[in-house]
Structure formats: C-alpha cells, structure tokens
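Source file: my_file01.csv; contents: CSV, C-alpha atoms.
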```csv
chain,number,residue,atom,x,y,z
A,69,MET,CA,-54.5,0.5,35.4
A,70,THR,CA,-52.4,-2.0,33.6
A,71,ASN,CA,-48.8,-2.7,33.4
A,72,ASN,CA,-46.4,-5.2,31.8
A,73,ARG,CA,-47.1,-7.7,34.6
A,74,SER,CA,-50.9,-7.7,34.3
A,75,PHE,CA,-52.3,-11.2,34.4
A,76,ARG,CA,-55.2,-12.5,32.3
A,77,LEU,CA,-56.4,-16.0,32.1
A,78,ASN,CA,-56.8,-17.2,28.6
A,79,SER,CA,-60.2,-18.6,27.6
A,80,ASP,CA,-59.0,-22.2,27.5
A,81,TYR,CA,-57.8,-22.0,31.1
A,82,ARG,CA,-61.1,-20.4,32.2
A,83,LYS,CA,-63.0,-23.3,30.7
A,84,LYS,CA,-61.2,-25.6,33.2
A,85,ILE,CA,-62.6,-23.6,36.2
A,86,LYS,CA,-65.9,-25.4,37.0
A,87,SER,CA,-67.0,-22.5,39.2
A,88,LEU,CA,-67.3,-20.3,36.2
A,89,ASP,CA,-69.5,-22.7,34.2
A,90,GLY,CA,-72.7,-21.0,35.2
A,91,LEU,CA,-71.6,-17.5,34.2
A,92,LYS,CA,-72.6,-16.0,30.9
A,93,ASP,CA,-69.9,-13.3,31.0
A,94,PHE,CA,-67.2,-13.6,33.7
A,95,ASP,CA,-65.5,-10.3,32.7
A,96,LYS,CA,-68.7,-8.3,33.0
A,97,ALA,CA,-69.7,-10.0,36.3
A,98,PHE,CA,-66.2,-9.4,37.7
A,99,ASP,CA,-66.3,-5.7,36.7
A,100,ARG,CA,-69.8,-5.3,38.2
A,101,SER,CA,-68.7,-6.9,41.5
A,102,PHE,CA,-65.0,-5.9,41.6
A,103,SER,CA,-65.0,-4.2,45.0
A,104,ILE,CA,-66.8,-7.0,46.8
A,105,VAL,CA,-64.8,-9.9,45.3
A,106,ALA,CA,-61.5,-8.1,45.8
A,107,TYR,CA,-62.4,-7.5,49.4
A,108,ALA,CA,-63.4,-11.1,49.9
A,109,ALA,CA,-60.2,-12.4,48.3
A,110,ASN,CA,-57.9,-10.0,50.2
A,111,ARG,CA,-59.7,-10.7,53.5
A,112,PHE,CA,-58.9,-14.4,53.0
A,113,LEU,CA,-55.3,-13.7,52.1
A,114,ILE,CA,-54.6,-11.3,55.0
A,115,ASP,CA,-56.4,-13.6,57.5
A,116,HIS,CA,-54.3,-16.5,56.2
A,117,PHE,CA,-51.0,-14.6,56.6
A,118,LEU,CA,-52.0,-13.5,60.1
A,119,ARG,CA,-53.0,-17.0,61.2
A,120,ALA,CA,-49.8,-18.5,59.7
A,121,ALA,CA,-47.6,-15.9,61.4
A,122,ARG,CA,-49.2,-16.9,64.7
A,123,LEU,CA,-48.8,-20.6,64.1
A,124,LEU,CA,-45.1,-20.3,63.1
A,125,ASP,CA,-44.6,-17.6,65.8
A,126,VAL,CA,-42.8,-15.3,63.4
A,127,LYS,CA,-43.0,-11.6,63.4
A,128,ASP,CA,-42.2,-11.0,59.8
A,129,TYR,CA,-43.8,-12.1,56.5
A,130,GLU,CA,-40.5,-12.7,54.7
A,131,THR,CA,-40.1,-15.7,56.9
A,132,LEU,CA,-43.5,-17.0,55.9
A,133,ILE,CA,-42.7,-16.4,52.2
A,134,VAL,CA,-39.4,-18.3,52.6
A,135,TRP,CA,-41.1,-21.2,54.4
A,136,GLY,CA,-44.0,-21.3,51.8
A,137,VAL,CA,-41.7,-21.3,48.8
A,138,LEU,CA,-39.4,-23.9,50.4
A,139,THR,CA,-42.3,-26.3,51.1
A,140,HIS,CA,-43.7,-25.9,47.7
A,141,GLN,CA,-40.4,-26.4,45.9
A,142,ASN,CA,-39.7,-29.5,48.1
A,143,ILE,CA,-42.7,-31.3,46.6
A,144,LEU,CA,-43.2,-29.6,43.3
A,145,HIS,CA,-41.6,-32.6,41.4
A,146,LEU,CA,-44.0,-35.0,43.1
A,147,MET,CA,-47.2,-33.2,42.4
A,148,PRO,CA,-47.5,-31.8,38.9
A,149,PRO,CA,-50.8,-30.1,38.0
A,150,GLY,CA,-53.6,-32.7,37.7
A,151,SER,CA,-52.0,-35.2,40.1
A,152,VAL,CA,-54.4,-37.6,41.8
A,153,PRO,CA,-53.9,-38.3,45.5
A,154,ASP,CA,-53.5,-42.1,45.1
A,155,ALA,CA,-50.4,-41.5,42.9
A,156,VAL,CA,-48.4,-39.6,45.5
A,157,LEU,CA,-50.1,-39.9,48.9
A,158,THR,CA,-50.7,-42.6,51.4
A,159,ASP,CA,-54.2,-43.2,52.9
A,160,ASN,CA,-53.5,-40.7,55.6
A,161,GLY,CA,-52.5,-38.0,53.2
A,162,ARG,CA,-48.8,-38.2,53.6
A,163,LEU,CA,-46.2,-38.5,50.8
A,164,ARG,CA,-45.7,-42.0,49.7
A,165,ALA,CA,-42.0,-41.3,49.3
A,166,GLY,CA,-41.9,-39.8,52.9
A,167,ASP,CA,-39.2,-37.3,53.7
A,168,ALA,CA,-36.8,-39.0,51.3
A,169,GLY,CA,-39.0,-37.8,48.5
A,170,LEU,CA,-38.5,-34.1,49.4
A,171,LYS,CA,-36.2,-32.3,47.0
A,172,PRO,CA,-33.7,-30.2,49.0
A,173,ILE,CA,-33.6,-26.5,47.8
A,174,ARG,CA,-30.5,-24.5,47.9
A,175,LEU,CA,-30.3,-21.1,49.6
A,176,ARG,CA,-29.3,-19.5,46.3
A,177,ASP,CA,-32.5,-20.9,44.6
A,178,LEU,CA,-34.7,-19.7,47.4
A,179,SER,CA,-33.1,-16.3,47.0
A,180,ASP,CA,-33.7,-16.3,43.3
A,181,ILE,CA,-37.4,-17.4,43.6
A,182,THR,CA,-38.3,-15.0,46.4
A,183,GLY,CA,-36.3,-12.1,45.2
A,184,PHE,CA,-34.9,-11.7,48.7
A,185,PRO,CA,-31.1,-11.2,49.3
A,186,ARG,CA,-29.3,-14.4,50.2
A,187,GLU,CA,-28.4,-13.1,53.6
A,188,THR,CA,-32.1,-12.5,54.3
A,189,VAL,CA,-33.0,-16.0,53.2
A,190,ARG,CA,-30.2,-17.4,55.3
A,191,ARG,CA,-31.5,-15.6,58.4
A,192,LYS,CA,-35.1,-16.6,57.8
A,193,LEU,CA,-34.0,-20.3,57.4
A,194,GLY,CA,-32.2,-20.0,60.7
A,195,ILE,CA,-35.4,-18.8,62.4
A,196,LEU,CA,-37.4,-21.7,60.8
A,197,HIS,CA,-34.7,-24.2,61.7
A,198,LYS,CA,-34.6,-23.1,65.3
A,199,ALA,CA,-38.4,-23.5,65.5
A,200,ARG,CA,-38.0,-27.0,63.9
A,201,PHE,CA,-40.0,-26.2,60.8
A,202,VAL,CA,-37.1,-26.8,58.4
A,203,ARG,CA,-33.9,-28.8,58.4
A,204,ARG,CA,-30.7,-28.9,56.4
A,205,VAL,CA,-30.1,-31.8,54.1
A,206,GLY,CA,-26.8,-31.9,52.2
A,207,SER,CA,-26.5,-28.7,50.3
A,208,GLY,CA,-30.1,-27.7,50.7
A,209,TRP,CA,-33.1,-27.3,52.9
A,210,VAL,CA,-36.4,-29.2,53.3
A,211,ALA,CA,-39.5,-28.8,55.4
A,212,SER,CA,-39.3,-30.8,58.6
A,213,SER,CA,-42.0,-33.4,59.1
A,214,GLU,CA,-41.4,-33.2,62.9
A,215,ARG,CA,-43.9,-30.4,63.2
A,216,ALA,CA,-46.0,-30.9,60.0
A,217,GLU,CA,-48.4,-33.4,61.4
A,218,SER,CA,-49.2,-32.0,64.8
A,219,ASP,CA,-49.1,-28.3,64.0
A,220,LEU,CA,-50.0,-28.0,60.3
A,221,ARG,CA,-52.8,-30.6,59.7
A,222,ASP,CA,-55.5,-28.8,61.7
A,223,PHE,CA,-54.3,-25.4,60.5
A,224,THR,CA,-54.5,-26.5,56.9
A,225,LYS,CA,-57.9,-28.2,57.3
A,226,ASP,CA,-59.2,-24.9,58.8
A,227,THR,CA,-57.6,-23.0,55.9
A,228,ILE,CA,-59.2,-25.1,53.3
A,229,MET,CA,-62.6,-24.7,54.9
A,230,ARG,CA,-62.1,-20.9,55.0
A,231,LEU,CA,-60.9,-20.9,51.4
A,232,LEU,CA,-63.9,-22.9,50.2
A,233,ALA,CA,-66.2,-20.6,52.1
A,234,VAL,CA,-64.7,-17.5,50.4
A,235,CYS,CA,-64.8,-19.2,47.0
A,236,ASP,CA,-68.5,-19.9,47.5
A,237,GLU,CA,-69.0,-16.2,48.6
A,238,ILE,CA,-67.1,-15.0,45.5
A,239,VAL,CA,-69.0,-17.3,43.1
A,240,MET,CA,-72.4,-16.2,44.5
A,241,THR,CA,-71.4,-12.6,44.1
A,242,LEU,CA,-70.3,-13.1,40.5
A,243,GLU,CA,-73.4,-15.1,39.7
A,244,SER,CA,-75.6,-12.3,41.2
A,245,ALA,CA,-73.6,-9.6,39.1
A,246,ASP,CA,-73.9,-11.8,36.0
A,247,ALA,CA,-77.7,-12.2,36.5
A,248,ASP,CA,-78.0,-8.4,37.0
A,249,ALA,CA,-76.0,-7.8,33.8
A,250,ALA,CA,-78.3,-10.2,31.9
A,251,ASP,CA,-81.3,-8.4,33.2
A,252,GLY,CA,-79.9,-5.1,32.1
A,253,GLN,CA,-79.5,-3.6,35.5
```
Once more with this new file: its structure as structure tokens, please.
Amino acid sequence: MTNNRSFRLNSDYRKKIKSLDGLKDFDKAFDRSFSIVAYAANRFLIDHFLRAARLLDVKDYETLIVWGVLTHQNILHLMPPGSVPDAVLTDNGRLRAGDAGLKPIRLRDLSDITGFPRETVRRKLGILHKARFVRRVGSGWVASSERAESDLRDFTKDTIMRLLAVCDEIVMTLESADADAADGQ
C-alpha cells in the first residue's frame, strides 16, 4: 500500500549507509525479510518509548514527543548533519556552548512541529517543567541540564547499545535474505 507520504531513500543517500555496502540488492533483501526486519525495528521503538516513559515518569506519549522535539530543536543549530564531536562537544560529551548554546523554542513552534494543539503542548511543557526536564527561557523553552547528566546519560548509553544491537540484527537478516536471493531460493 502506498500513499502520498510514502518515503523512499534515493540511491545517492543509500550509498552513504555503510551497513548496506555488502548487499547486492537492498530492495529484494528487504522484501524477502520484511516481517522480520519490521518486527525488529518496531520492537526497538516500542521498547524505547516504554523505557523513556518510565524514566520521565509520564503516562502519555504526547509528553515524550513534546520533550523529544524540544530537545532536538534546542540543539539543531549546533549539530548539522555530518558534525564531528570535537566541533561542538567537550571531552565529556557536553555542549561546548553549555546551556547558553541552546536555542529556546516557542510553544507555537512546538505546536506546529508536533501537530498538537497549543493548549496540549502548554500542558505537556507544564508536566515536564514540574519534573525539572525543561525550563522557560525568555519567550521559549529549553531542555534542563539539571536532570540531563544524572538521569539521561545512562539511559542514552543503554539506548545506543540496544539500537546498535537491533541494527546488527537487521543487517544480518538483510544479508541472509540477500544471499538467499542471489542463490535463487
């Protein structure tokens, strides 16, 4: 089933994904292994959302989306694609510019990006503010560093390990399907 929003990576972008280098035909390998790779990817995403909800002690996923979008938008200007760590981070992985480098995001912009009504975004920011995950700065909001180091570093490290493991699993599945396709199976 396709729709106007279907997403396909162009061949130039695919060439940049080193994990795909060993595949003769990604599309055939993906089609042959769709159910397994879809399950693995979705299992990771659902697990991540459940773990994040427990960490932030929130009962709804709109709050997670607001927080995630806010944190990404706060640092987007500092980390364009292809950024190298030394250019923007200290030796301990923190922003060189510190909290002063965070770009405050207006409620209206968060509403536009998430597609949530402004009142919903306002309530979700209130929940996150009360839990000290965000703070108001001027006319916008930024992620609070108060809880970032203690609560999020271990969570993120574990998330990256889980993500790499599922990526390995997906690549192995694709490689197996690609080899089967080459063998005519």
Inset, instruction - Enter the distance from atom CA of A:Val210 to atom CA of A:Pro172, in Å, rounded to one decimal. - result: 5.2 Å
Inset, instruction - Between A:Ile85, A:Ile228, A:Ala155, A:Leu242, single out the one closest to A:Ala108, counting only C-alpha atoms. - result: A:Leu242
Inset, instruction - Considering all atoms listed in the file, state which residue in the set A:Thr227, A:Ser101, A:Ser151, A:Lys198 is at the smallest distance from A:Leu118. - result: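 Comparing A:Thr227, A:Ser101, A:Ser151, A:Lys198 against A:Leu118, the winner is A:Thr227.
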Legend entry - Given only C-alpha atoms as the counted atoms, nearest of A:Ile238, A:Leu124, A:Asp246, A:Val202 to A:Ser103: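 When distances to A:Ser103 are compared using only C-alpha atoms, the smallest one comes from A:Ile238.
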Inset, instruction - Find the spatial neighbours of A:Val239, counting only C-alpha atoms, within a cut-off of 12 Å - ignore same-chain residues fewer than 2 positions away - and output them as an MDAnalysis selection string. - result: chainID A and resid 85:91 94 97:98 101 104:105 108:109 232:237 241:246
Expected file contents, prior selection, C-alpha atoms, as a short mmCIF file (atom, residue, chain, number, x, y, z; two decimals), in the coordinates of the input:
```cif
data_model
loop_
_atom_site.label_atom_id
_atom_site.label_comp_id
_atom_site.auth_asym_id
_atom_site.auth_seq_id
_atom_site.Cartn_x
_atom_site.Cartn_y
_atom_site.Cartn_z
CA ILE A 85 -62.60 -23.60 36.20
CA LYS A 86 -65.90 -25.40 37.00
CA SER A 87 -67.00 -22.50 39.20
CA LEU A 88 -67.30 -20.30 36.20
CA ASP A 89 -69.50 -22.70 34.20
CA GLY A 90 -72.70 -21.00 35.20
CA LEU A 91 -71.60 -17.50 34.20
CA PHE A 94 -67.20 -13.60 33.70
CA ALA A 97 -69.70 -10.00 36.30
CA PHE A 98 -66.20 -9.40 37.70
CA SER A 101 -68.70 -6.90 41.50
CA ILE A 104 -66.80 -7.00 46.80
CA VAL A 105 -64.80 -9.90 45.30
CA ALA A 108 -63.40 -11.10 49.90
CA ALA A 109 -60.20 -12.40 48.30
CA LEU A 232 -63.90 -22.90 50.20
CA ALA A 233 -66.20 -20.60 52.10
CA VAL A 234 -64.70 -17.50 50.40
CA CYS A 235 -64.80 -19.20 47.00
CA ASP A 236 -68.50 -19.90 47.50
CA GLU A 237 -69.00 -16.20 48.60
CA THR A 241 -71.40 -12.60 44.10
CA LEU A 242 -70.30 -13.10 40.50
CA GLU A 243 -73.40 -15.10 39.70
CA SER A 244 -75.60 -12.30 41.20
CA ALA A 245 -73.60 -9.60 39.10
CA ASP A 246 -73.90 -11.80 36.00
#
```
Inset, instruction - Using only C-alpha atoms, find the one residue out of A:Arg122, A:Thr182, A:Ile133, A:Ser213 that sits nearest to A:Leu163. - result: A:Ser213
Using the structure block above, produce a file of stretch 94-122 of chain A that contains N, CA and C atoms, as a PDB file, in the first residue's frame.
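File written: part-v9.pdb
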```pdb
ATOM      1  N   PHE A  94      19.363  -4.297  -2.017  1.00  0.00           N
ATOM      2  CA  PHE A  94      18.659  -3.986  -0.774  1.00  0.00           C
ATOM      3  C   PHE A  94      17.157  -4.201  -0.902  1.00  0.00           C
ATOM      4  N   ASP A  95      16.559  -3.720  -1.976  1.00  0.00           N
ATOM      5  CA  ASP A  95      15.100  -3.809  -2.123  1.00  0.00           C
ATOM      6  C   ASP A  95      14.618  -5.259  -2.087  1.00  0.00           C
ATOM      7  N   LYS A  96      15.303  -6.133  -2.793  1.00  0.00           N
ATOM      8  CA  LYS A  96      14.905  -7.553  -2.771  1.00  0.00           C
ATOM      9  C   LYS A  96      15.131  -8.157  -1.382  1.00  0.00           C
ATOM     10  N   ALA A  97      16.267  -7.820  -0.773  1.00  0.00           N
ATOM     11  CA  ALA A  97      16.556  -8.357   0.567  1.00  0.00           C
ATOM     12  C   ALA A  97      15.509  -7.872   1.561  1.00  0.00           C
ATOM     13  N   PHE A  98      15.138  -6.596   1.465  1.00  0.00           N
ATOM     14  CA  PHE A  98      14.121  -6.038   2.359  1.00  0.00           C
ATOM     15  C   PHE A  98      12.781  -6.741   2.134  1.00  0.00           C
ATOM     16  N   ASP A  99      12.383  -6.885   0.871  1.00  0.00           N
ATOM     17  CA  ASP A  99      11.103  -7.541   0.580  1.00  0.00           C
ATOM     18  C   ASP A  99      11.082  -8.975   1.095  1.00  0.00           C
ATOM     19  N   ARG A 100      12.184  -9.685   0.953  1.00  0.00           N
ATOM     20  CA  ARG A 100      12.256 -11.083   1.405  1.00  0.00           C
ATOM     21  C   ARG A 100      12.244 -11.200   2.936  1.00  0.00           C
ATOM     22  N   SER A 101      12.685 -10.155   3.619  1.00  0.00           N
ATOM     23  CA  SER A 101      12.807 -10.236   5.081  1.00  0.00           C
ATOM     24  C   SER A 101      11.899  -9.238   5.807  1.00  0.00           C
ATOM     25  N   PHE A 102      10.937  -8.672   5.087  1.00  0.00           N
ATOM     26  CA  PHE A 102      10.134  -7.573   5.628  1.00  0.00           C
ATOM     27  C   PHE A 102       9.582  -7.844   7.026  1.00  0.00           C
ATOM     28  N   SER A 103       8.914  -8.948   7.233  1.00  0.00           N
ATOM     29  CA  SER A 103       8.265  -9.188   8.532  1.00  0.00           C
ATOM     30  C   SER A 103       9.267  -9.215   9.678  1.00  0.00           C
ATOM     31  N   ILE A 104      10.429  -9.807   9.433  1.00  0.00           N
ATOM     32  CA  ILE A 104      11.434  -9.901  10.498  1.00  0.00           C
ATOM     33  C   ILE A 104      12.048  -8.538  10.788  1.00  0.00           C
ATOM     34  N   VAL A 105      12.441  -7.799   9.739  1.00  0.00           N
ATOM     35  CA  VAL A 105      13.084  -6.507   9.991  1.00  0.00           C
ATOM     36  C   VAL A 105      12.080  -5.487  10.532  1.00  0.00           C
ATOM     37  N   ALA A 106      10.832  -5.555  10.081  1.00  0.00           N
ATOM     38  CA  ALA A 106       9.803  -4.655  10.622  1.00  0.00           C
ATOM     39  C   ALA A 106       9.577  -4.949  12.096  1.00  0.00           C
ATOM     40  N   TYR A 107       9.514  -6.223  12.445  1.00  0.00           N
ATOM     41  CA  TYR A 107       9.337  -6.606  13.848  1.00  0.00           C
ATOM     42  C   TYR A 107      10.506  -6.096  14.694  1.00  0.00           C
ATOM     43  N   ALA A 108      11.726  -6.297  14.228  1.00  0.00           N
ATOM     44  CA  ALA A 108      12.904  -5.872  14.997  1.00  0.00           C
ATOM     45  C   ALA A 108      12.913  -4.353  15.187  1.00  0.00           C
ATOM     46  N   ALA A 109      12.635  -3.609  14.135  1.00  0.00           N
ATOM     47  CA  ALA A 109      12.628  -2.151  14.231  1.00  0.00           C
ATOM     48  C   ALA A 109      11.521  -1.678  15.168  1.00  0.00           C
ATOM     49  N   ASN A 110      10.327  -2.219  15.014  1.00  0.00           N
ATOM     50  CA  ASN A 110       9.205  -1.806  15.868  1.00  0.00           C
ATOM     51  C   ASN A 110       9.413  -2.227  17.310  1.00  0.00           C
ATOM     52  N   ARG A 111      10.008  -3.396  17.526  1.00  0.00           N
ATOM     53  CA  ARG A 111      10.310  -3.834  18.897  1.00  0.00           C
ATOM     54  C   ARG A 111      11.232  -2.827  19.576  1.00  0.00           C
ATOM     55  N   PHE A 112      12.252  -2.348  18.854  1.00  0.00           N
ATOM     56  CA  PHE A 112      13.155  -1.354  19.413  1.00  0.00           C
ATOM     57  C   PHE A 112      12.406  -0.063  19.739  1.00  0.00           C
ATOM     58  N   LEU A 113      11.612   0.420  18.793  1.00  0.00           N
ATOM     59  CA  LEU A 113      10.902   1.691  19.002  1.00  0.00           C
ATOM     60  C   LEU A 113       9.947   1.621  20.185  1.00  0.00           C
ATOM     61  N   ILE A 114       9.173   0.559  20.270  1.00  0.00           N
ATOM     62  CA  ILE A 114       8.216   0.418  21.377  1.00  0.00           C
ATOM     63  C   ILE A 114       8.956   0.307  22.702  1.00  0.00           C
ATOM     64  N   ASP A 115      10.008  -0.505  22.733  1.00  0.00           N
ATOM     65  CA  ASP A 115      10.810  -0.638  23.951  1.00  0.00           C
ATOM     66  C   ASP A 115      11.376   0.721  24.365  1.00  0.00           C
ATOM     67  N   HIS A 116      11.856   1.488  23.392  1.00  0.00           N
ATOM     68  CA  HIS A 116      12.420   2.803  23.690  1.00  0.00           C
ATOM     69  C   HIS A 116      11.362   3.729  24.292  1.00  0.00           C
ATOM     70  N   PHE A 117      10.182   3.774  23.696  1.00  0.00           N
ATOM     71  CA  PHE A 117       9.120   4.624  24.230  1.00  0.00           C
ATOM     72  C   PHE A 117       8.715   4.189  25.635  1.00  0.00           C
ATOM     73  N   LEU A 118       8.599   2.897  25.873  1.00  0.00           N
ATOM     74  CA  LEU A 118       8.230   2.416  27.213  1.00  0.00           C
ATOM     75  C   LEU A 118       9.290   2.788  28.242  1.00  0.00           C
ATOM     76  N   ARG A 119      10.561   2.586  27.895  1.00  0.00           N
ATOM     77  CA  ARG A 119      11.646   2.930  28.811  1.00  0.00           C
ATOM     78  C   ARG A 119      11.689   4.438  29.074  1.00  0.00           C
ATOM     79  N   ALA A 120      11.514   5.240  28.021  1.00  0.00           N
ATOM     80  CA  ALA A 120      11.538   6.696  28.183  1.00  0.00           C
ATOM     81  C   ALA A 120      10.367   7.163  29.049  1.00  0.00           C
ATOM     82  N   ALA A 121       9.200   6.570  28.865  1.00  0.00           N
ATOM     83  CA  ALA A 121       8.031   6.947  29.676  1.00  0.00           C
ATOM     84  C   ALA A 121       8.283   6.643  31.148  1.00  0.00           C
ATOM     85  N   ARG A 122       8.935   5.518  31.423  1.00  0.00           N
ATOM     86  CA  ARG A 122       9.255   5.195  32.821  1.00  0.00           C
ATOM     87  C   ARG A 122      10.291   6.162  33.381  1.00  0.00           C
TER      88      ARG A 122
END
```
